[in-house]
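Containing compact mmCIF, C-alpha atoms: my_file-v2.txt.
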```txt
# COMPACT_ATOMS: atom_id res chain seq x y z
CA MET F 213 -3.97 3.98 -52.81
CA LYS F 214 -6.82 2.90 -50.55
CA LEU F 215 -9.36 5.22 -49.04
CA LYS F 216 -10.44 4.72 -45.42
CA LYS F 217 -13.07 2.00 -45.37
CA ASN F 218 -15.42 3.80 -43.02
CA LEU F 219 -15.75 7.03 -45.04
CA ALA F 220 -19.41 7.97 -45.38
CA LEU F 221 -20.51 9.41 -48.74
CA SER F 222 -23.82 10.93 -49.64
CA ASP F 223 -25.29 11.53 -53.09
CA SER F 224 -24.97 15.27 -52.54
CA GLY F 225 -21.17 14.97 -52.39
CA PHE F 226 -20.90 15.25 -48.59
CA VAL F 227 -17.97 13.20 -47.31
CA PHE F 228 -17.75 12.36 -43.58
CA ASP F 229 -14.74 10.80 -41.90
CA PRO F 230 -16.14 9.19 -38.72
CA SER F 231 -12.71 8.61 -37.19
CA THR F 232 -11.85 12.32 -37.06
CA GLY F 233 -15.24 14.03 -37.35
CA ASP F 234 -14.02 15.95 -40.42
CA SER F 235 -16.47 16.59 -43.23
CA PHE F 236 -15.97 17.81 -46.78
CA SER F 237 -17.96 18.66 -49.89
CA THR F 238 -16.98 17.48 -53.31
CA ASN F 239 -18.44 17.99 -56.78
CA PRO F 240 -20.08 15.17 -58.77
CA ILE F 241 -16.89 14.05 -60.53
CA GLY F 242 -15.01 14.09 -57.21
CA LEU F 243 -17.74 11.94 -55.68
CA GLU F 244 -17.56 9.53 -58.62
CA ILE F 245 -13.79 9.17 -58.21
CA ILE F 246 -14.06 8.67 -54.44
CA ARG F 247 -16.67 5.96 -54.99
CA MET F 248 -14.41 4.20 -57.49
CA LEU F 249 -11.46 4.41 -55.08
CA LYS F 250 -13.63 2.97 -52.30
CA GLU F 251 -14.52 0.08 -54.62
CA GLY F 252 -10.80 -0.60 -54.92
CA LYS F 253 -10.36 0.59 -58.49
CA ASN F 254 -6.84 1.73 -59.44
CA ALA F 255 -5.76 4.91 -61.24
CA ASN F 256 -5.82 3.16 -64.62
CA ASP F 257 -9.39 1.87 -64.17
CA ILE F 258 -10.52 5.32 -63.13
CA LYS F 259 -8.73 6.99 -66.04
CA ASN F 260 -10.39 4.60 -68.53
CA HIS F 261 -13.81 5.27 -67.05
CA VAL F 262 -13.43 9.07 -66.92
CA THR F 263 -11.87 9.53 -70.35
CA LYS F 264 -14.57 7.32 -71.89
CA THR F 265 -17.46 9.01 -70.11
CA TYR F 266 -16.35 12.65 -70.23
CA MET F 267 -14.71 14.87 -72.80
CA THR F 268 -11.16 14.88 -71.44
CA ASP F 269 -7.78 13.59 -72.53
CA ASP F 270 -5.29 11.43 -70.60
CA ALA F 271 -2.91 14.30 -69.75
CA SER F 272 -5.66 16.56 -68.33
CA PHE F 273 -7.15 13.66 -66.39
CA GLU F 274 -3.82 12.69 -64.83
CA LYS F 275 -3.03 16.23 -63.76
CA ASP F 276 -6.44 16.71 -62.11
CA TYR F 277 -6.55 13.17 -60.71
CA TYR F 278 -3.21 13.42 -58.92
CA ASP F 279 -4.12 16.88 -57.59
CA PHE F 280 -7.31 15.37 -56.20
CA VAL F 281 -5.54 12.34 -54.73
CA ASN F 282 -3.00 14.62 -53.04
CA MET F 283 -5.86 16.52 -51.51
CA LEU F 284 -7.41 13.30 -50.17
CA THR F 285 -4.05 12.33 -48.66
CA LYS F 286 -3.58 15.78 -47.16
CA HIS F 287 -6.99 15.58 -45.55
CA ASN F 288 -6.11 12.21 -44.03
CA LEU F 289 -8.76 10.27 -45.93
CA VAL F 290 -6.35 7.60 -47.05
CA GLU F 291 -5.99 4.21 -45.36
CA GLY F 292 -2.81 3.79 -43.33
CA GLY F 293 -2.60 7.47 -42.47
CA GLU F 294 -3.31 6.53 -38.86
CA LYS F 295 -2.28 3.41 -37.07
CA GLU F 296 -4.18 1.66 -34.32
CA LYS F 297 -2.47 2.32 -31.01
CA ASN F 298 -2.58 1.16 -27.38
CA MET G 44 -44.79 -0.55 -20.85
CA VAL G 45 -42.47 -0.37 -17.84
CA LYS G 46 -43.79 1.75 -15.00
CA LYS G 47 -41.22 4.42 -14.23
CA LYS G 48 -39.85 4.55 -10.71
CA LYS G 49 -40.47 7.90 -8.99
CA ILE G 50 -37.23 9.32 -7.69
CA ASN G 51 -35.95 12.61 -6.22
CA ILE G 52 -32.58 13.72 -7.53
CA ALA G 53 -30.61 16.80 -6.50
CA VAL G 54 -28.27 18.26 -9.09
CA THR G 55 -25.68 21.06 -8.91
CA GLY G 56 -24.03 22.99 -11.75
CA LEU G 57 -27.05 25.01 -12.90
CA ASN G 58 -24.85 27.85 -14.12
CA ALA G 59 -24.35 28.73 -17.77
CA ILE G 60 -21.85 31.50 -18.32
CA ASP G 61 -19.12 31.18 -20.97
CA SER G 62 -18.01 28.00 -19.25
CA PRO G 63 -21.39 26.33 -18.73
CA GLY G 64 -22.06 23.94 -15.88
CA PRO G 65 -23.11 20.35 -16.59
CA GLY G 66 -26.23 20.52 -14.38
CA VAL G 67 -28.86 21.40 -17.00
CA PRO G 68 -27.64 18.80 -19.55
CA VAL G 69 -27.49 16.17 -16.79
CA ILE G 70 -31.09 17.01 -15.86
CA ARG G 71 -32.20 16.84 -19.50
CA ALA G 72 -30.66 13.36 -19.65
CA LEU G 73 -32.51 12.33 -16.48
CA ARG G 74 -35.80 13.67 -17.81
CA ASP G 75 -35.26 11.51 -20.92
CA SER G 76 -34.92 8.41 -18.72
CA LYS G 77 -37.14 5.46 -19.61
CA LEU G 78 -36.71 4.02 -16.11
CA PHE G 79 -37.16 6.96 -13.78
CA ASP G 80 -39.85 9.56 -13.28
CA VAL G 81 -37.66 12.25 -11.77
CA ARG G 82 -38.34 15.16 -9.50
CA ILE G 83 -35.33 17.45 -9.84
CA ILE G 84 -34.05 19.52 -6.97
CA GLY G 85 -31.54 22.13 -8.11
CA LEU G 86 -28.71 23.05 -5.77
CA SER G 87 -27.30 26.47 -6.60
CA TYR G 88 -24.52 28.71 -5.34
CA GLU G 89 -25.58 31.99 -6.90
CA SER G 90 -28.88 33.69 -7.62
CA LEU G 91 -28.21 34.09 -11.33
CA GLU G 92 -27.65 30.46 -12.26
CA PRO G 93 -30.13 30.06 -15.12
CA GLY G 94 -31.23 26.54 -14.14
CA ILE G 95 -32.95 28.06 -11.09
CA TYR G 96 -35.47 29.77 -13.36
CA MET G 97 -35.99 26.89 -15.82
CA HIS G 98 -39.12 25.48 -14.20
CA ASP G 99 -39.67 22.79 -16.82
CA ILE G 100 -36.15 21.51 -16.09
CA VAL G 101 -35.81 22.06 -12.34
CA ASP G 102 -38.77 21.51 -9.98
CA LYS G 103 -37.38 23.35 -6.96
CA THR G 104 -34.04 24.99 -6.19
CA TYR G 105 -32.20 25.51 -2.93
CA GLN G 106 -29.07 27.57 -2.44
CA ILE G 107 -26.24 25.66 -0.83
CA PRO G 108 -23.11 27.06 0.87
CA LEU G 109 -19.93 27.59 -1.16
CA PRO G 110 -17.40 24.73 -0.93
CA SER G 111 -15.09 26.94 1.13
CA ALA G 112 -17.67 26.88 3.98
CA GLY G 113 -16.72 23.25 4.57
CA LYS G 114 -18.49 19.93 4.75
CA ALA G 115 -20.24 20.44 8.10
CA THR G 116 -22.08 23.53 6.81
CA LEU G 117 -22.99 21.68 3.62
CA MET G 118 -24.28 18.72 5.63
CA GLU G 119 -26.52 20.96 7.72
CA ARG G 120 -28.02 22.49 4.61
CA LEU G 121 -28.52 19.09 2.97
CA LYS G 122 -30.27 17.83 6.11
CA TYR G 123 -32.72 20.70 5.84
CA ILE G 124 -33.30 20.15 2.10
CA ASN G 125 -33.73 16.42 2.62
CA SER G 126 -36.29 16.96 5.38
CA ILE G 127 -38.52 18.54 2.73
CA GLU G 128 -37.54 16.76 -0.46
CA LYS G 129 -36.62 13.20 0.63
CA LEU G 130 -33.71 12.94 -1.76
CA ASP G 131 -32.72 9.59 -3.26
CA VAL G 132 -29.61 10.68 -5.15
CA ILE G 133 -27.34 13.73 -5.37
CA ILE G 134 -25.28 14.39 -8.51
CA PRO G 135 -22.61 17.03 -7.86
CA ASN G 136 -21.25 18.54 -11.07
CA PHE G 137 -18.47 20.91 -9.99
CA ASP G 138 -14.85 19.92 -9.44
CA ALA G 139 -14.56 22.37 -6.55
CA GLU G 140 -17.45 20.89 -4.55
CA LEU G 141 -16.51 17.24 -5.07
CA PHE G 142 -14.08 17.07 -2.16
CA ASN G 143 -16.85 17.88 0.34
CA PHE G 144 -19.34 15.51 -1.28
CA ILE G 145 -16.79 12.65 -1.40
CA LYS G 146 -16.03 13.21 2.29
CA LEU G 147 -19.76 13.26 3.11
CA ALA G 148 -20.72 10.25 0.96
CA ASP G 149 -20.89 7.71 3.80
CA THR G 150 -22.67 10.07 6.20
CA LEU G 151 -25.22 11.00 3.55
CA LYS G 152 -25.99 7.32 3.03
CA LYS G 153 -26.08 6.39 6.72
CA GLU G 154 -27.88 9.40 8.15
CA LEU G 155 -30.07 10.60 5.31
CA LYS G 156 -30.29 7.55 3.00
CA ILE G 157 -29.03 9.69 0.12
CA ASN G 158 -26.95 7.93 -2.53
CA VAL G 159 -24.05 9.37 -4.51
CA PHE G 160 -21.77 7.68 -7.00
CA LEU G 161 -18.48 9.53 -6.91
CA PRO G 162 -14.78 8.84 -7.44
CA THR G 163 -12.83 7.85 -4.36
CA LEU G 164 -10.74 10.54 -2.70
CA GLU G 165 -7.60 8.84 -4.04
CA GLN G 166 -8.95 8.86 -7.62
CA PHE G 167 -10.03 12.47 -7.20
CA GLU G 168 -6.62 13.58 -5.89
CA GLU G 169 -4.35 11.65 -8.23
CA ARG G 170 -5.90 13.09 -11.39
CA HIS G 171 -5.33 16.72 -10.32
CA LYS G 172 -3.55 18.72 -12.98
CA SER G 173 -0.50 19.10 -10.78
CA ASN G 174 -0.34 15.30 -10.27
CA LEU G 175 -0.95 14.40 -13.92
CA PRO G 176 2.68 13.47 -14.83
CA GLU G 177 2.77 10.93 -11.95
CA PHE G 178 -0.70 9.73 -12.94
CA GLY G 179 0.55 9.16 -16.50
CA LYS G 180 3.53 7.12 -15.30
CA LYS G 181 1.40 5.02 -12.96
CA HIS G 182 -1.28 4.21 -15.52
CA LYS G 183 1.06 4.14 -18.57
CA ILE G 184 -0.65 6.99 -20.40
CA LYS G 185 1.14 9.71 -22.36
CA ILE G 186 1.04 13.11 -20.70
CA PRO G 187 2.63 16.25 -22.17
CA HIS G 188 5.91 17.09 -20.43
CA SER G 189 5.01 19.28 -17.46
CA LYS G 190 6.77 21.10 -14.67
CA LEU G 191 5.41 22.76 -11.57
CA ILE G 192 6.89 26.15 -10.80
CA PHE G 193 6.54 28.03 -7.54
CA ASN G 194 8.62 31.13 -8.24
CA ILE G 195 9.06 33.59 -11.08
CA LYS G 196 12.84 33.02 -10.82
CA GLU G 197 12.36 29.54 -12.26
CA ILE G 198 11.12 30.90 -15.60
CA PRO G 199 14.48 31.58 -17.39
CA SER G 200 15.62 27.96 -16.88
CA LEU G 201 12.48 26.62 -18.57
CA ARG G 202 14.43 27.02 -21.84
CA ASN G 203 16.50 24.00 -20.85
CA GLU G 204 13.44 21.75 -20.72
CA PHE G 205 10.88 23.24 -23.09
CA THR G 206 10.66 24.69 -26.57
CA TYR G 207 8.41 27.73 -26.87
CA PRO G 208 5.45 28.08 -27.00
CA VAL G 209 4.47 26.50 -23.68
CA VAL G 210 1.13 26.26 -21.91
CA VAL G 211 0.86 28.02 -18.54
CA LYS G 212 -1.86 26.49 -16.38
CA GLY G 213 -3.46 27.19 -13.02
CA LYS G 214 -3.74 24.26 -10.64
CA PHE G 215 -7.55 24.29 -10.82
CA TYR G 216 -8.43 26.29 -13.90
CA ASP G 217 -7.11 28.66 -16.61
CA ALA G 218 -4.60 27.99 -19.33
CA SER G 219 -2.72 30.38 -21.61
CA ILE G 220 -0.19 29.83 -24.37
CA ALA G 221 3.06 31.74 -23.83
CA TYR G 222 5.52 32.35 -26.63
CA SER G 223 8.34 33.86 -24.56
CA PRO G 224 9.67 33.89 -20.97
CA GLU G 225 8.16 37.39 -20.59
CA GLN G 226 4.72 36.06 -21.45
CA VAL G 227 5.21 33.15 -19.04
CA ALA G 228 5.96 35.71 -16.30
CA THR G 229 2.80 37.68 -17.10
CA TYR G 230 0.60 34.56 -17.01
CA PHE G 231 2.40 33.25 -13.92
CA ASN G 232 1.47 36.40 -12.00
CA LYS G 233 -2.09 36.44 -13.28
CA ILE G 234 -2.80 32.74 -12.69
CA SER G 235 -1.02 32.44 -9.33
CA ALA G 236 -2.94 35.47 -8.01
CA LYS G 237 -6.22 33.79 -8.90
CA TRP G 238 -5.59 30.10 -8.27
CA GLY G 239 -2.51 30.02 -6.06
CA LEU G 240 0.68 28.02 -6.48
CA PRO G 241 2.08 26.00 -8.10
CA VAL G 242 1.65 27.09 -11.68
CA ILE G 243 2.00 24.32 -14.24
CA ILE G 244 4.19 24.71 -17.31
CA GLN G 245 3.23 22.22 -19.99
CA GLU G 246 4.65 21.29 -23.37
CA PHE G 247 2.48 22.73 -26.16
CA LEU G 248 1.26 20.00 -28.48
CA HIS G 249 0.06 20.64 -31.99
CA GLY G 250 -2.97 18.56 -32.81
CA GLN G 251 -6.66 18.04 -32.62
CA GLU G 252 -8.54 18.24 -29.33
CA VAL G 253 -10.77 15.28 -28.71
CA ASN G 254 -12.79 14.60 -25.56
CA VAL G 255 -14.53 11.59 -24.10
CA THR G 256 -17.47 11.55 -21.72
CA ALA G 257 -17.47 8.30 -19.81
CA ILE G 258 -18.70 6.46 -16.74
CA GLY G 259 -16.92 3.78 -14.76
CA ASP G 260 -18.53 1.34 -12.30
CA GLY G 261 -15.71 1.49 -9.75
CA LYS G 262 -14.65 -2.08 -10.52
CA GLY G 263 -12.68 -1.32 -13.66
CA ASN G 264 -15.55 -1.61 -16.15
CA THR G 265 -16.43 1.14 -18.60
CA ILE G 266 -20.21 1.39 -18.49
CA GLY G 267 -20.32 3.95 -21.26
CA ALA G 268 -18.02 6.17 -23.30
CA VAL G 269 -18.66 8.55 -26.19
CA PRO G 270 -15.78 10.39 -27.90
CA MET G 271 -16.32 13.82 -29.41
CA ARG G 272 -14.26 16.10 -31.64
CA LYS G 273 -14.67 19.78 -30.80
CA GLN G 274 -15.88 21.62 -33.86
CA TYR G 275 -16.48 25.10 -32.61
CA ILE G 276 -14.37 26.33 -29.71
CA THR G 277 -14.93 29.42 -27.57
CA ASP G 278 -12.23 31.79 -26.27
CA LYS G 279 -12.25 29.74 -23.07
CA GLY G 280 -11.49 26.60 -25.05
CA LYS G 281 -14.98 25.20 -24.49
CA ALA G 282 -16.78 23.26 -27.20
CA TRP G 283 -19.77 25.18 -28.52
CA SER G 284 -20.32 22.48 -31.07
CA GLY G 285 -18.95 18.97 -31.42
CA ILE G 286 -19.44 15.69 -33.23
CA SER G 287 -19.32 12.08 -32.03
CA ILE G 288 -16.51 10.17 -33.69
CA ASP G 289 -15.42 6.58 -34.24
CA ASP G 290 -11.91 6.49 -32.83
CA LYS G 291 -10.86 3.06 -31.63
CA ASN G 292 -7.57 4.29 -30.17
CA LEU G 293 -9.41 6.82 -28.07
CA MET G 294 -11.89 4.21 -26.86
CA ASN G 295 -9.05 1.81 -26.01
CA MET G 296 -7.29 4.55 -24.08
CA THR G 297 -10.49 5.34 -22.14
CA ARG G 298 -11.19 1.68 -21.27
CA LYS G 299 -7.56 1.17 -20.27
CA LEU G 300 -7.64 4.23 -18.01
CA ILE G 301 -10.93 3.26 -16.36
CA LYS G 302 -9.71 -0.30 -15.86
CA SER G 303 -6.40 0.80 -14.42
CA THR G 304 -7.87 3.45 -12.08
CA LYS G 305 -11.11 1.52 -11.34
CA TRP G 306 -12.77 4.86 -11.93
CA ARG G 307 -16.05 5.35 -10.10
CA GLY G 308 -18.59 7.76 -11.55
CA GLY G 309 -18.76 10.16 -14.45
CA MET G 310 -15.71 11.66 -16.05
CA GLU G 311 -14.42 13.65 -19.00
CA LEU G 312 -11.08 13.02 -20.62
CA GLU G 313 -9.44 15.86 -22.53
CA ILE G 314 -6.96 14.58 -25.06
CA ILE G 315 -4.73 15.98 -27.79
CA LYS G 316 -4.31 13.80 -30.84
CA THR G 317 -1.11 14.86 -32.57
CA SER G 318 -0.59 14.79 -36.32
CA GLU G 319 1.62 11.71 -35.75
CA GLY G 320 -1.43 9.93 -34.34
CA ASP G 321 -0.25 9.95 -30.71
CA TYR G 322 -2.74 10.58 -27.92
CA TYR G 323 -1.76 12.77 -24.96
CA LEU G 324 -4.01 13.13 -21.95
CA ILE G 325 -4.14 16.77 -20.92
CA GLU G 326 -6.83 16.68 -18.26
CA ILE G 327 -9.30 14.44 -16.42
CA ASN G 328 -12.44 16.09 -15.13
CA PRO G 329 -13.95 14.00 -12.32
CA ARG G 330 -17.58 14.57 -13.38
CA PHE G 331 -19.70 14.70 -16.51
CA PRO G 332 -18.91 17.49 -18.99
CA ALA G 333 -21.41 20.16 -20.06
CA TRP G 334 -21.75 18.36 -23.41
CA VAL G 335 -22.88 15.06 -21.80
CA TYR G 336 -26.28 15.32 -23.48
CA LEU G 337 -24.55 14.41 -26.76
CA ALA G 338 -23.99 10.94 -25.26
CA VAL G 339 -27.76 10.68 -24.69
CA GLY G 340 -28.31 11.75 -28.31
CA CYS G 341 -25.92 8.99 -29.36
CA GLY G 342 -27.84 6.33 -27.43
CA GLN G 343 -25.94 6.24 -24.12
CA ASN G 344 -27.70 7.89 -21.20
CA HIS G 345 -24.74 8.26 -18.84
CA PRO G 346 -26.56 10.26 -16.11
CA GLU G 347 -29.31 7.61 -15.98
CA ALA G 348 -26.63 4.90 -15.67
CA LEU G 349 -25.00 6.88 -12.85
CA VAL G 350 -28.29 7.05 -10.94
CA ARG G 351 -28.73 3.28 -11.32
CA LEU G 352 -25.20 2.68 -10.05
CA ALA G 353 -25.82 5.07 -7.14
CA LEU G 354 -28.93 3.04 -6.24
CA GLY G 355 -26.84 -0.12 -6.22
CA GLN G 356 -28.36 -1.58 -9.39
CA LYS G 357 -26.37 -3.75 -11.75
CA VAL G 358 -25.75 -1.86 -14.98
CA GLU G 359 -24.65 -3.57 -18.17
CA PRO G 360 -22.11 -1.62 -20.26
CA PHE G 361 -23.41 0.16 -23.34
CA LYS G 362 -22.24 -1.67 -26.45
CA LYS G 363 -22.57 1.02 -29.10
CA TYR G 364 -23.22 4.67 -29.81
CA ASP G 365 -24.19 6.69 -32.86
CA ILE G 366 -21.30 8.16 -34.81
CA GLY G 367 -21.55 11.47 -36.61
CA LYS G 368 -24.11 13.08 -34.28
CA LEU G 369 -23.53 16.73 -33.51
CA PHE G 370 -24.39 19.03 -30.68
CA VAL G 371 -24.72 22.71 -31.44
CA ARG G 372 -25.01 24.82 -28.31
CA TYR G 373 -27.36 27.74 -28.06
CA SER G 374 -27.81 30.51 -25.49
CA TRP G 375 -31.29 31.69 -24.60
CA ASP G 376 -32.34 34.84 -22.78
CA MET G 377 -35.03 34.00 -20.26
CA ILE G 378 -37.29 36.71 -18.91
CA VAL G 379 -37.44 36.42 -15.14
CA GLU G 380 -39.82 38.23 -12.82
CA LEU G 381 -38.19 40.18 -10.01
CA ASP G 382 -40.11 38.27 -7.32
CA GLU G 383 -38.43 35.00 -8.37
CA PHE G 384 -34.98 36.59 -8.17
CA GLU G 385 -35.99 38.09 -4.82
CA LYS G 386 -37.10 34.70 -3.44
CA ILE G 387 -33.92 32.84 -4.31
CA SER G 388 -31.77 35.78 -3.16
CA THR G 389 -33.44 36.30 0.19
CA LEU G 390 -34.98 32.93 1.15
CA GLY G 391 -32.47 30.71 -0.68
CA GLU G 392 -35.29 28.66 -2.22
CA LEU G 393 -37.36 28.86 -5.35
```

Starting from the coordinates I provided, produce the structure as C-alpha cells.
Amino acid sequence: MKLKKNLALSDSGFVFDPSTGDSFSTNPIGLEIIRMLKEGKNANDIKNHVTKTYMTDDASFEKDYYDFVNMLTKHNLVEGGEKEKN
Amino acid sequence: MVKKKKINIAVTGLNAIDSPGPGVPVIRALRDSKLFDVRIIGLSYESLEPGIYMHDIVDKTYQIPLPSAGKATLMERLKYINSIEKLDVIIPNFDAELFNFIKLADTLKKELKINVFLPTLEQFEERHKSNLPEFGKKHKIKIPHSKLIFNIKEIPSLRNEFTYPVVVKGKFYDASIAYSPEQVATYFNKISAKWGLPVIIQEFLHGQEVNVTAIGDGKGNTIGAVPMRKQYITDKGKAWSGISIDDKNLMNMTRKLIKSTKWRGGMELEIIKTSEGDYYLIEINPRFPAWVYLAVGCGQNHPEALVRLALGQKVEPFKKYDIGKLFVRYSWDMIVELDEFEKISTLGEL
C-alpha cells in the first residue's frame, strides 16, 4: 500500500491532503506509521519496528495496524484512490 | 521601487447579506496591488450595501439604476459619475447587471474612455444554467443530466428520466433538493414565481463541491486559476470558509474550458467531484466569486490582472499558487451615522 505522495505531515500529528483539502489529526504512533508508509516501508518492516520499540505483540499490532490502514484507505489517503482525468 | 500608477476604478457588488457580493473582496485585492494606486468608486443599488460605509475600502459611492431600467439609463448615470471621477476601469460583479455592461462596453470605451474586461455576449449567454447541457456537449465537459420544465404537468414523467432526489433550480438563482414529485411541485411553484420559467430539473450528484476562481484573456489562455474546497457551507450553499487545493484534474478542466470558450474576464466554476473521481460542472458564474480574495492570499491577484487586461496590457499567466491556504469569512457590524444613510438615500452619493 502506498500513501499519496503529496500528503503533508506535521510533528503535531496534523495530516493535510492537498488534493482534497481534507485534514486529520493522528496520535504519535499513527504519525510514526504514516511516516514509515510514506518512506515506502511495508507492513512487515513496520511491524518489526513497532514490536521492537513498543511493548506490543504481533497479534495486537496486526489488528491495530490493519484497522488504521483501513481508515487511511477510507479517508482516501492512499495512492491510486483517484486517477488523473481529462 | 516601482512607482504605482494612479487609477480610478468603479466596482459594483458592495452588498454583503447571506449571499455576499464580490465587490469588497475585489476592492481589497485592488488595494493590495503592487502596480496600481487605486481610487475606488463604489457603484451601489441599495442604501444598505455595507461597502458604501466602508470608507477605508471605498473612496466614494454612487447609486446606479437597477439593471431592469435598461442600458440607456445606466449610460446616463455613468456619464454623470465619469464627469466627476474620470473613471479608467469599471468592474461589474453581478450576473444580473452584466448584460447591460457587455452591451455598453464599446460605447463606454469610445465615448467615455472607460475600459471593461468582460465576457462576450455569446460567452455570457451560452453558460446560462438553462443552456448548460448544450454548453457541456459543445465544450466536451460533463454536466449533470438536466431538463427544463415549463409546466407542473411535466413533473410526474420526470420519474422516467431521473432517480429521486433531484435538484430543482431557478433559471437565475435558487436551488432546492426534492425527494418526491410533490416536493418538486412545491419548489416549482416557489421558484417559477420568483425567477420565471423554465425551471431546471437536475440530476442530484453525491460528492464534494469544489470551486475555481479564474481569469481568461479572451484568447484561450488561463491567466490565473485557484481551486478551492468549500469547508463551511451556509444554508444558501455559500462557502463561509474554504481551502485552496492541489487538484490537477480540476486545473486541467478549467484550462480546457477557458481554451475552448476563449473566456474573457473573471469567472467562477462550480463543480461536483463524485466519489468515483468524476468532475461535473454545475454552474459557471461570469464574474469573480465573493471568495476571490483567497486567490490573492495564494499569490494570484486576479482583480489586478483583470485591470491590466482591461487597460490593454500584456499579462503573463500565473505559474503557481499556495496550496492549503484557508479563508474564514467574518461578519462585522458597522455603526453608521444617520446622516450618511440619509445622503446615499436622498442624493444617491456618499

Tell me, as number ranges by chain, which residues lie within 12 Å of Ile245 (chain F), counting only C-alpha atoms; anything in the same chain fewer than 6 positions away does not count.
F: 215, 221, 225, 238-239, 251-262, 273, 276-278, 280-281, 284

Region 48-157 of chain G near region 199-216 of chain G within 12 Å: what's each residue's closest atom pair and its distance in Å to one decimal, counting all atoms listed in the file, ordered by chain then ascending residue number, as a Markdown table?
```
| residue | atom | partner | partner_atom | distance |
| --- | --- | --- | --- | --- |
| G:Ser62 | CA | G:Tyr216 | CA | 11.1 |
| G:Phe137 | CA | G:Phe215 | CA | 11.5 |
| G:Asp138 | CA | G:Phe215 | CA | 8.6 |
| G:Ala139 | CA | G:Phe215 | CA | 8.4 |
```

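Minimum atom-to-atom distances from F:Ile241, F:Met248, F:Met267, F:Val227 to His287 (chain F) were compared using only C-alpha atoms, and the lowest value belongs to F:Val227.
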
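Contacts from chain G to chain F at a cut-off of 9 Å (only C-alpha atoms) map to Gln251, Val253, Met271, Arg272, Lys273, Gln274, Gly285, Ile286, Ser287, Ile288, Asp289, Asp290, Lys291, Asn292, Leu293, Asn295, Met296, Lys299, Glu319, Gly320, Asp321, Tyr322, Ile366 and Gly367 of chain G.
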
Those same residues, written as a PDB file, keeping the file's coordinate frame with C-alpha atoms?
```pdb
ATOM      1  CA  GLN G 251      -6.660  18.040 -32.620  1.00  0.00           C
ATOM      2  CA  VAL G 253     -10.770  15.280 -28.710  1.00  0.00           C
ATOM      3  CA  MET G 271     -16.320  13.820 -29.410  1.00  0.00           C
ATOM      4  CA  ARG G 272     -14.260  16.100 -31.640  1.00  0.00           C
ATOM      5  CA  LYS G 273     -14.670  19.780 -30.800  1.00  0.00           C
ATOM      6  CA  GLN G 274     -15.880  21.620 -33.860  1.00  0.00           C
ATOM      7  CA  GLY G 285     -18.950  18.970 -31.420  1.00  0.00           C
ATOM      8  CA  ILE G 286     -19.440  15.690 -33.230  1.00  0.00           C
ATOM      9  CA  SER G 287     -19.320  12.080 -32.030  1.00  0.00           C
ATOM     10  CA  ILE G 288     -16.510  10.170 -33.690  1.00  0.00           C
ATOM     11  CA  ASP G 289     -15.420   6.580 -34.240  1.00  0.00           C
ATOM     12  CA  ASP G 290     -11.910   6.490 -32.830  1.00  0.00           C
ATOM     13  CA  LYS G 291     -10.860   3.060 -31.630  1.00  0.00           C
ATOM     14  CA  ASN G 292      -7.570   4.290 -30.170  1.00  0.00           C
ATOM     15  CA  LEU G 293      -9.410   6.820 -28.070  1.00  0.00           C
ATOM     16  CA  ASN G 295      -9.050   1.810 -26.010  1.00  0.00           C
ATOM     17  CA  MET G 296      -7.290   4.550 -24.080  1.00  0.00           C
ATOM     18  CA  LYS G 299      -7.560   1.170 -20.270  1.00  0.00           C
ATOM     19  CA  GLU G 319       1.620  11.710 -35.750  1.00  0.00           C
ATOM     20  CA  GLY G 320      -1.430   9.930 -34.340  1.00  0.00           C
ATOM     21  CA  ASP G 321      -0.250   9.950 -30.710  1.00  0.00           C
ATOM     22  CA  TYR G 322      -2.740  10.580 -27.920  1.00  0.00           C
ATOM     23  CA  ILE G 366     -21.300   8.160 -34.810  1.00  0.00           C
ATOM     24  CA  GLY G 367     -21.550  11.470 -36.610  1.00  0.00           C
TER      25      GLY G 367
END
```

When you draw a straight line from CA of Ser219 (chain G) to CA of Ser87 (chain G), how long is it in Å?
29.1 Å

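Excluding Ile145 (chain G) and any residue on its chain fewer than 6 positions from it, the residues at most 7 Å away by only C-alpha atoms are Leu161, Thr163 and Leu164 of chain G.
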
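Counting all atoms listed in the file, the residue from G:Arg372, G:Lys190, G:Lys233, G:Lys180 that sits nearest to Ile276 (chain G) is G:Arg372.
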